[in-house]
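Asker: Sending over my_file.txt (compact mmCIF, C-alpha atoms).
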```
# COMPACT_ATOMS: atom_id res chain seq x y z
CA MET A 1 -129.46 214.06 114.13
CA SER A 2 -125.86 213.08 114.70
CA ARG A 3 -123.09 214.27 112.38
CA THR A 4 -119.53 213.02 112.01
CA LEU A 5 -117.33 216.09 112.21
CA ALA A 6 -113.58 216.28 111.69
CA LEU A 7 -111.01 218.96 112.42
CA CYS A 8 -107.62 219.52 110.85
CA PHE A 9 -105.37 221.44 113.22
CA GLU A 10 -101.78 222.14 114.19
CA TYR A 11 -100.08 222.52 117.55
CA VAL A 12 -96.76 223.30 119.16
CA GLY A 13 -96.02 220.33 121.38
CA THR A 14 -93.55 222.02 123.73
CA ALA A 15 -95.96 222.59 126.62
CA PHE A 16 -98.07 219.44 126.12
CA CYS A 17 -97.68 216.03 127.77
CA GLY A 18 -98.68 214.58 124.40
CA SER A 19 -101.70 214.52 122.13
CA GLN A 20 -103.76 212.03 124.16
CA TRP A 21 -105.48 212.69 127.48
CA GLN A 22 -103.37 211.81 130.51
CA PRO A 23 -104.31 212.20 134.19
CA GLY A 24 -102.81 215.36 135.61
CA GLY A 25 -101.21 216.40 132.32
CA ARG A 26 -101.93 219.13 129.79
CA ALA A 27 -102.80 217.22 126.61
CA VAL A 28 -103.91 218.48 123.20
CA GLN A 29 -107.02 216.29 123.47
CA THR A 30 -107.94 217.86 126.80
CA GLU A 31 -107.73 221.38 125.39
CA LEU A 32 -109.73 220.41 122.31
CA GLU A 33 -112.49 218.72 124.30
CA THR A 34 -112.67 221.58 126.80
CA ALA A 35 -113.11 224.10 123.97
CA TRP A 36 -115.70 221.89 122.26
CA GLN A 37 -117.76 221.61 125.43
CA ARG A 38 -117.70 225.38 125.84
CA LEU A 39 -118.87 225.81 122.25
CA THR A 40 -121.55 223.11 122.06
CA SER A 41 -122.16 221.83 125.63
CA ASP A 42 -121.22 218.44 124.17
CA SER A 43 -118.88 216.35 126.35
CA GLY A 44 -118.06 213.88 123.57
CA ARG A 45 -114.57 212.55 122.90
CA TRP A 46 -112.41 213.64 119.97
CA ILE A 47 -110.58 210.70 118.34
CA PHE A 48 -107.15 211.54 116.89
CA ALA A 49 -105.64 210.14 113.69
CA GLY A 50 -102.33 209.52 115.43
CA ARG A 51 -100.68 209.97 118.79
CA THR A 52 -97.78 212.32 119.40
CA ASP A 53 -95.46 212.26 122.41
CA ALA A 54 -94.69 215.06 124.84
CA GLY A 55 -92.81 217.81 123.03
CA VAL A 56 -93.73 216.57 119.53
CA HIS A 57 -95.44 219.04 117.21
CA ALA A 58 -98.12 218.62 114.53
CA LEU A 59 -98.62 220.56 111.31
CA ALA A 60 -101.85 218.83 110.28
CA GLN A 61 -103.34 216.50 112.86
CA VAL A 62 -106.87 215.20 112.19
CA ALA A 63 -109.51 214.28 114.78
CA HIS A 64 -113.20 213.41 114.59
CA ILE A 65 -116.25 213.44 116.83
CA VAL A 66 -119.88 212.33 116.46
CA SER A 67 -122.13 215.19 117.56
CA ALA A 68 -125.66 216.52 117.23
CA THR A 69 -124.53 220.15 117.00
CA ASP A 70 -126.15 222.17 114.22
CA ARG A 71 -123.39 224.77 114.04
CA SER A 72 -121.93 225.46 110.60
CA LEU A 73 -118.42 224.32 109.67
CA ASP A 74 -117.18 227.90 109.40
CA THR A 75 -118.56 228.67 112.84
CA ILE A 76 -116.94 225.58 114.31
CA ALA A 77 -113.51 226.38 112.86
CA LYS A 78 -113.57 230.06 113.83
CA ALA A 79 -115.05 229.52 117.29
CA MET A 80 -112.63 226.70 118.15
CA ASN A 81 -109.73 228.97 117.21
CA ALA A 82 -111.13 231.67 119.47
CA ILE A 83 -111.47 229.28 122.43
CA THR A 84 -108.39 227.05 122.16
CA PRO A 85 -105.03 228.31 123.49
CA ALA A 86 -102.47 229.95 121.22
CA ASP A 87 -100.40 226.77 120.80
CA ILE A 88 -103.30 225.08 118.95
CA SER A 89 -104.64 226.36 115.62
CA VAL A 90 -107.62 224.86 113.78
CA HIS A 91 -107.21 224.90 109.99
CA GLU A 92 -110.51 223.47 108.87
CA ALA A 93 -113.73 221.72 109.91
CA TRP A 94 -115.17 218.96 107.73
CA GLU A 95 -118.41 217.03 107.72
CA MET A 96 -117.62 213.39 106.97
CA PRO A 97 -119.67 210.36 105.90
CA THR A 98 -121.08 208.15 108.64
CA GLY A 99 -118.47 205.62 109.67
CA PHE A 100 -115.48 207.87 109.08
CA HIS A 101 -112.82 207.34 111.75
CA ALA A 102 -109.85 209.70 111.97
CA ARG A 103 -107.50 206.88 112.94
CA PHE A 104 -108.89 203.72 111.35
CA SER A 105 -109.87 205.39 108.06
CA ALA A 106 -106.35 206.82 107.60
CA ARG A 107 -104.21 205.15 104.94
CA GLN A 108 -100.91 206.90 105.52
CA ARG A 109 -99.09 209.19 107.90
CA THR A 110 -96.19 211.50 107.12
CA TYR A 111 -93.71 212.74 109.71
CA ARG A 112 -90.81 215.13 109.41
CA TYR A 113 -87.77 215.51 111.63
CA VAL A 114 -85.79 218.76 111.40
CA PHE A 115 -82.04 219.00 112.03
CA ASP A 116 -80.15 222.26 112.51
CA SER A 117 -76.37 222.10 111.98
CA ALA A 118 -75.66 225.79 111.31
CA PRO A 119 -72.52 227.22 112.96
CA ALA A 120 -74.46 229.04 115.70
CA PRO A 121 -77.67 227.95 117.46
CA SER A 122 -80.98 229.66 116.69
CA ALA A 123 -82.95 231.25 119.50
CA THR A 124 -86.02 231.43 117.26
CA LEU A 125 -85.98 227.71 116.45
CA ASN A 126 -85.08 226.56 119.94
CA GLY A 127 -87.44 223.74 120.87
CA ARG A 128 -88.52 223.32 117.22
CA VAL A 129 -85.45 221.53 115.79
CA LEU A 130 -82.71 219.13 116.87
CA ARG A 131 -79.56 221.18 117.26
CA LEU A 132 -76.45 219.35 115.99
CA ASP A 133 -73.00 220.46 117.13
CA HIS A 134 -71.07 218.28 114.67
CA GLN A 135 -71.22 217.43 110.98
CA LEU A 136 -72.90 214.24 109.79
CA ASP A 137 -72.46 212.03 106.75
CA TRP A 138 -75.82 212.75 105.14
CA ALA A 139 -75.09 210.44 102.18
CA ALA A 140 -74.49 207.49 104.51
CA MET A 141 -77.69 208.34 106.36
CA GLN A 142 -79.69 208.41 103.11
CA ALA A 143 -78.23 205.04 102.10
CA ALA A 144 -79.51 203.62 105.38
CA LEU A 145 -82.92 205.23 104.90
CA ASP A 146 -83.22 203.74 101.41
CA THR A 147 -83.32 200.27 102.99
CA LEU A 148 -86.52 201.16 104.87
CA ILE A 149 -88.67 201.53 101.75
CA GLY A 150 -91.21 198.75 101.37
CA ILE A 151 -92.80 196.28 103.77
CA HIS A 152 -90.54 195.45 106.72
CA ASP A 153 -90.66 194.32 110.32
CA PHE A 154 -89.76 197.44 112.32
CA ALA A 155 -89.67 195.74 115.76
CA ALA A 156 -86.11 197.03 116.34
CA PHE A 157 -87.51 200.57 116.33
CA ALA A 158 -90.64 199.92 118.42
CA GLY A 159 -91.05 201.68 121.75
CA ALA A 160 -91.51 199.79 124.99
CA GLY A 161 -95.01 198.46 125.52
CA HIS A 162 -95.97 198.22 121.85
CA GLU A 163 -98.58 195.56 121.20
CA GLY A 164 -99.59 193.92 117.94
CA SER A 165 -97.89 193.58 114.59
CA THR A 166 -94.63 195.45 113.99
CA ILE A 167 -94.81 195.13 110.20
CA ARG A 168 -95.28 198.41 108.37
CA ASN A 169 -95.16 199.64 104.77
CA CYS A 170 -92.77 202.56 104.38
CA TYR A 171 -93.41 204.70 101.29
CA LEU A 172 -90.92 207.53 101.76
CA ALA A 173 -87.65 207.93 103.71
CA GLN A 174 -85.79 210.96 102.43
CA LEU A 175 -83.40 213.63 103.66
CA ARG A 176 -83.38 216.99 101.94
CA PRO A 177 -81.81 220.40 102.59
CA ALA A 178 -84.28 223.18 103.31
CA GLU A 179 -84.49 226.71 104.64
CA TRP A 180 -86.47 227.78 107.65
CA LEU A 181 -86.74 231.45 108.60
CA GLY A 182 -83.68 232.11 106.46
CA ARG A 183 -81.69 229.40 108.20
CA PRO A 184 -80.35 226.23 106.50
CA VAL A 185 -81.74 223.01 107.99
CA THR A 186 -81.97 219.37 106.94
CA VAL A 187 -85.38 217.70 106.94
CA LEU A 188 -86.10 213.98 107.17
CA HIS A 189 -89.47 212.91 105.71
CA LEU A 190 -90.86 209.51 106.69
CA GLN A 191 -94.14 208.25 105.30
CA ALA A 192 -95.80 204.90 105.99
CA ASN A 193 -99.20 203.31 106.29
CA ALA A 194 -98.77 203.58 110.08
CA PHE A 195 -96.04 203.97 112.68
CA LEU A 196 -95.14 202.11 115.85
CA LYS A 197 -94.82 203.84 119.20
CA HIS A 198 -91.62 205.96 119.18
CA MET A 199 -90.73 204.47 115.78
CA VAL A 200 -89.67 207.73 114.12
CA ARG A 201 -87.58 208.92 117.06
CA ASN A 202 -85.91 205.51 117.39
CA ILE A 203 -85.09 205.49 113.68
CA VAL A 204 -83.63 208.99 113.99
CA GLY A 205 -81.57 208.08 117.06
CA THR A 206 -80.06 205.12 115.21
CA LEU A 207 -79.64 207.11 112.00
CA LEU A 208 -77.58 209.71 113.85
CA MET A 209 -75.13 206.94 114.76
CA VAL A 210 -74.80 206.14 111.05
CA GLY A 211 -74.20 209.80 110.27
CA ALA A 212 -71.54 210.06 112.98
CA GLY A 213 -69.66 207.05 111.61
CA LYS A 214 -70.48 204.90 114.64
CA LEU A 215 -72.65 202.47 112.71
CA SER A 216 -72.06 200.95 109.28
CA LEU A 217 -74.77 200.17 106.73
CA GLU A 218 -74.22 196.48 107.43
CA ALA A 219 -74.68 197.06 111.17
CA TRP A 220 -77.84 199.11 110.47
CA LEU A 221 -79.28 196.22 108.44
CA ALA A 222 -78.31 193.75 111.17
CA ILE A 223 -80.20 195.84 113.74
CA ILE A 224 -83.36 195.75 111.60
CA ALA A 225 -82.98 191.99 111.04
CA SER A 226 -82.52 191.38 114.78
CA ARG A 227 -86.01 192.75 115.56
CA ASP A 228 -84.56 193.73 118.96
CA ARG A 229 -84.97 197.30 120.22
CA ARG A 230 -81.94 196.85 122.50
CA ASN A 231 -79.66 196.71 119.46
CA ALA A 232 -80.80 200.03 118.00
CA GLY A 233 -79.70 203.53 118.95
CA PRO A 234 -81.18 205.90 121.53
CA THR A 235 -84.56 207.59 121.17
CA ALA A 236 -84.03 211.00 119.54
CA PRO A 237 -85.36 214.07 121.37
CA PRO A 238 -88.96 215.08 120.58
CA GLN A 239 -88.46 218.73 119.67
CA GLY A 240 -87.40 218.11 116.06
CA LEU A 241 -90.38 215.86 115.25
CA TYR A 242 -93.58 216.94 113.48
CA LEU A 243 -96.68 215.03 112.41
CA GLU A 244 -96.86 216.47 108.92
CA SER A 245 -100.04 215.07 107.41
CA ILE A 246 -102.61 212.25 107.35
CA GLY A 247 -103.72 210.66 104.08
CA TYR A 248 -107.20 209.30 103.43
CA ASP A 249 -108.87 207.37 100.64
CA PRO A 250 -110.23 209.76 97.97
CA ALA A 251 -113.60 208.03 98.35
CA LEU A 252 -113.89 209.70 101.76
CA GLN A 253 -114.16 213.24 100.45
CA PRO A 254 -115.86 215.55 102.96
CA LEU A 255 -119.62 215.92 102.48
CA ALA A 256 -119.15 219.66 102.87
CA THR A 257 -116.32 222.05 103.64
CA SER A 258 -116.11 225.64 104.70
CA SER A 259 -115.35 228.29 102.11
CA ARG A 260 -111.84 228.91 103.40
CA TRP A 261 -110.16 225.71 102.22
CA ASP A 262 -111.37 222.64 100.35
CA GLY A 263 -109.41 219.98 102.25
CA THR A 264 -108.63 217.96 99.11
CA THR A 265 -104.95 217.57 100.05
CA TYR A 266 -105.94 214.94 102.58
CA PHE A 267 -108.17 212.94 100.27
CA ARG A 268 -106.31 213.21 96.97
CA THR A 269 -103.71 210.44 97.08
CA TYR A 270 -102.22 207.86 99.35
CA GLN A 271 -99.96 204.77 99.29
CA GLY A 272 -96.57 205.78 98.04
CA GLU A 273 -97.26 209.38 97.13
CA THR A 274 -96.52 212.40 99.26
CA VAL A 275 -99.69 214.05 100.51
```
Represent the structure from my file as structure tokens, please.

Answerer:
Amino acid sequence: MSRTLALCFEYVGTAFCGSQWQPGGRAVQTELETAWQRLTSDSGRWIFAGRTDAGVHALAQVAHIVSATDRSLDTIAKAMNAITPADISVHEAWEMPTGFHARFSARQRTYRYVFDSAPAPSATLNGRVLRLDHQLDWAAMQAALDTLIGIHDFAAFAGAGHEGSTIRNCYLAQLRPAEWLGRPVTVLHLQANAFLKHMVRNIVGTLLMVGAGKLSLEAWLAIIASRDRRNAGPTAPPQGLYLESIGYDPALQPLATSSRWDGTTYFRTYQGETV
């Protein structure tokens, strides 16, 4: 009998060509499917909740597969951690209702982008943050971010090759100071029902121009209104970007969970609330 199984997992994107399988590249999906085949002899495909680019990290990615394996959820989580490489870590295995789809059942995604503007660079955080060598006007950047809240056409921030609607509902766009390993950083949180290809990095690249005084709030709004990617700023580097979480309808609570964690964070709230 087939089961719909889901994994919540994190990864360091530095050595990956991205989350999705690519010919000749080391992808997160490839590593996950290779480990799954070793564990179950099942060559099925894991479907991810969202794609991440080369160099982009994830704190809580979600993927699902339909499988006939009879292994317990605890066994799946522990065994996958033993088989996958060190830059992937499985948090939890869930059994989901029939019809659950990691991508299409998701109702919101949250990303974070981490900036480091301390006086000296950090060797520990190298490759995990965007290192800034000049001060930015964080207040001006937040004023620009405030204009993103709500339903807008984000075509100006869409990556090349995007197909389909460019209208998205943005629930959260906030900068906040934080501390990471004893080091002061600034974190941008962006949450929406879904994101366009390269949307977060293109927003960040344009936002940095606002912070540097190269772009006024009026010019920022004109870029959005133009719906033209050529008018926006450069694509920010991937190393500061993290897929933070995926939000699902509370009606899709897991049928069962392992004893280590109940997974309710992902099914508690969505639409306008931080998961």

Asker: Would you compute the distance between atom CA of Thr4 of chain A and atom CA of Ser72 of chain A? Give it in Å to one decimal.

Answerer: 12.7 Å

Asker: Can you list every residue of segment 131-247 of chain A that has an atom at most 9 Å from segment 58-64 of chain A, with its nearest atom pair and the distance in Å to one decimal, using only C-alpha atoms, ordered by chain then number, as a tab-separated table?

Answerer:
```
residue	atom	partner	partner_atom	distance
A:Leu241	CA	A:Ala58	CA	8.2
A:Tyr242	CA	A:Ala58	CA	5.0
A:Leu243	CA	A:Ala58	CA	4.4
A:Glu244	CA	A:Leu59	CA	5.1
A:Ser245	CA	A:Ala60	CA	5.1
A:Ile246	CA	A:Gln61	CA	7.0
```

Asker: Rounded to one decimal place, report the atom CA of Leu208 of chain A-atom CA of Ala120 of chain A distance in Å.

Answerer: 19.7 Å

Asker: Calculate how many Å separate atom CA of Ala143 of chain A from atom CA of Val114 of chain A, rounding to one decimal.

Answerer: 18.2 Å

Asker: Between A:Ala156, A:Ala236, A:Met80, A:Ile223, which residue has the minimum interatomic distance to Cys8 of chain A, considering all atoms listed in the file?

Answerer: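 Distance minimum relative to Cys8 of chain A lands on A:Met80.
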
Asker: Would you list the contacts of Arg38 of chain A as a list in words, taking every protein, DNA or RNA residue within 10 Å and counting only C-alpha atoms, but skipping same-chain residues closer than 4 positions in sequence?

Answerer: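 Returned residues: Glu33, Thr34, Asp42, Ser43, Ala79, Met80 and Ile83 of chain A.
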
Asker: Using only C-alpha atoms, determine which residues lie at most 8 Å from His198 of chain A, disregarding the query and same-chain residues fewer than 4 positions distant; provide the list as a list in words.

Answerer: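 Non-adjacent residues within range: Phe157, Ala158, Gly159, Asn202 and Thr235 of chain A.
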
Asker: For Leu190 of chain A, which residue out of A:Gly240, A:Leu32, A:Arg109, A:Glu95 is the nearest one, using all atoms listed in the file?

Answerer: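 Closest to Leu190 of chain A, using all atoms listed in the file: A:Arg109.
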
Asker: Which residue out of A:Thr206, A:Thr40, A:Gln108, A:Thr69 has the minimum interatomic distance to Arg230 of chain A when only C-alpha atoms are used?

Answerer: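 Comparing A:Thr206, A:Thr40, A:Gln108, A:Thr69 against Arg230 of chain A, the winner is A:Thr206.
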
Asker: Which is closer to Ser216 of chain A than all the others in A:Pro23, A:Thr75, A:Ser67, A:Ala144, using all atoms listed in the file?

Answerer: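 So, comparing all the options, the nearest one is A:Ala144.
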
Asker: Go through A:Leu132, A:Asp228, A:Ala77, A:Phe104 one by one, measure the shortest atom-to-atom distance of each to Thr166 of chain A using only C-alpha atoms, and give the residue with the smallest value.

Answerer: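 Of all the options, A:Asp228 lies closest to Thr166 of chain A.
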
Asker: Would you please work out which residue, of A:Val185, A:Gln29, A:Asp137, A:Leu215, is nearest to Ser122 of chain A when using all atoms listed in the file?

Answerer: A:Val185

Asker: As number ranges by chain, please: the residues near Arg26 of chain A (cut-off 8 Å, only C-alpha atoms, same-chain neighbours under 6 positions excluded).

Answerer: A: 15-18

Asker: Do a neighbour search on Thr14 of chain A at 10 Å with only C-alpha atoms, toss out local chain neighbours closer than 5 positions, and write the hits as a list in words.

Answerer: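 Final neighbour list, sorted by chain and number: Ala54, Gly55, Val56, His57, Asp87, Gly127, Arg128, Pro238 and Gln239 of chain A.
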
Asker: Extract, using only C-alpha atoms, all DNA, RNA and protein residues at most 7 Å from Met96 of chain A, discarding same-chain residues fewer than 3 positions from it, and format them as a PyMOL selection string.

Answerer: chain A and resi 4-6+100+254-255

Asker: Those selected residues, please, written with C-alpha atoms and delivered as a PDB file, keeping the file's coordinate frame.

Answerer:
```pdb
ATOM      1  CA  THR A   4    -119.530 213.020 112.010  1.00  0.00           C
ATOM      2  CA  LEU A   5    -117.330 216.090 112.210  1.00  0.00           C
ATOM      3  CA  ALA A   6    -113.580 216.280 111.690  1.00  0.00           C
ATOM      4  CA  PHE A 100    -115.480 207.870 109.080  1.00  0.00           C
ATOM      5  CA  PRO A 254    -115.860 215.550 102.960  1.00  0.00           C
ATOM      6  CA  LEU A 255    -119.620 215.920 102.480  1.00  0.00           C
TER       7      LEU A 255
END
```
